[in-house]
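Peer 1: Pasting a structure here, questions to come.
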Amino acid sequence: MLYLTQEDIYLMSQVVYAESKGEPFEGKVAVASVILNRAVDYSFPSTVKEVIFQPYAFSCIVDGKISVEPSQECFDAV
């Protein structure tokens, strides 16, 4: 089981926005799903934050574009 905090949801929404801002809703859901699937997979870190900040896991972390204000659609996708 994975428990999500408000911080997790906001952070995931930022990644969804940064990684899929030009994609349809389904693409945004796919990015959120990748994060959640990794967090429950024993071969990845066990928290959302650790998954997101794992080295080279997401391009928005690598290029520093994580500092965005996510849209409501991104929150809905999460």
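Going by the structure tokens order, chains are called A, B, ..., each with residues numbered from 1, while ligands are numbered from 1 in the order shown.
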With only C-alpha atoms as the counted atoms, please give the residues lying no more than 12 Å from stretch 21-34 of chain A, apart from itself and same-chain residues fewer than 4 positions off, as a ChimeraX atom specification.
Peer 2: /A:8-17,38-41,44,48,51-52,57-60,65-66,68-78
Peer 1: Between A:Val62, A:Leu2, A:Ser20, A:Glu7, which has the minimum distance to A:Pro45 (counting only C-alpha atoms)?
Peer 2: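 Comparing A:Val62, A:Leu2, A:Ser20, A:Glu7 against A:Pro45, the winner is A:Leu2.
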Peer 1: Go through chain A and collect every residue that DSSP, computed from the backbone, puts in helix (DSSP H, G or I); the answer should be as number ranges by chain.
Peer 2: A: 6-20, 25-40, 48-52, 59-62, 72-77
Peer 1: Rank A:Pro55, A:Tyr42, A:Ile35, A:Lys49 by their smallest atom-to-atom distance to A:Thr5, using only C-alpha atoms, and report the top residue only.
Peer 2: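 Ranking A:Pro55, A:Tyr42, A:Ile35, A:Lys49 by distance to A:Thr5, first place goes to A:Lys49.
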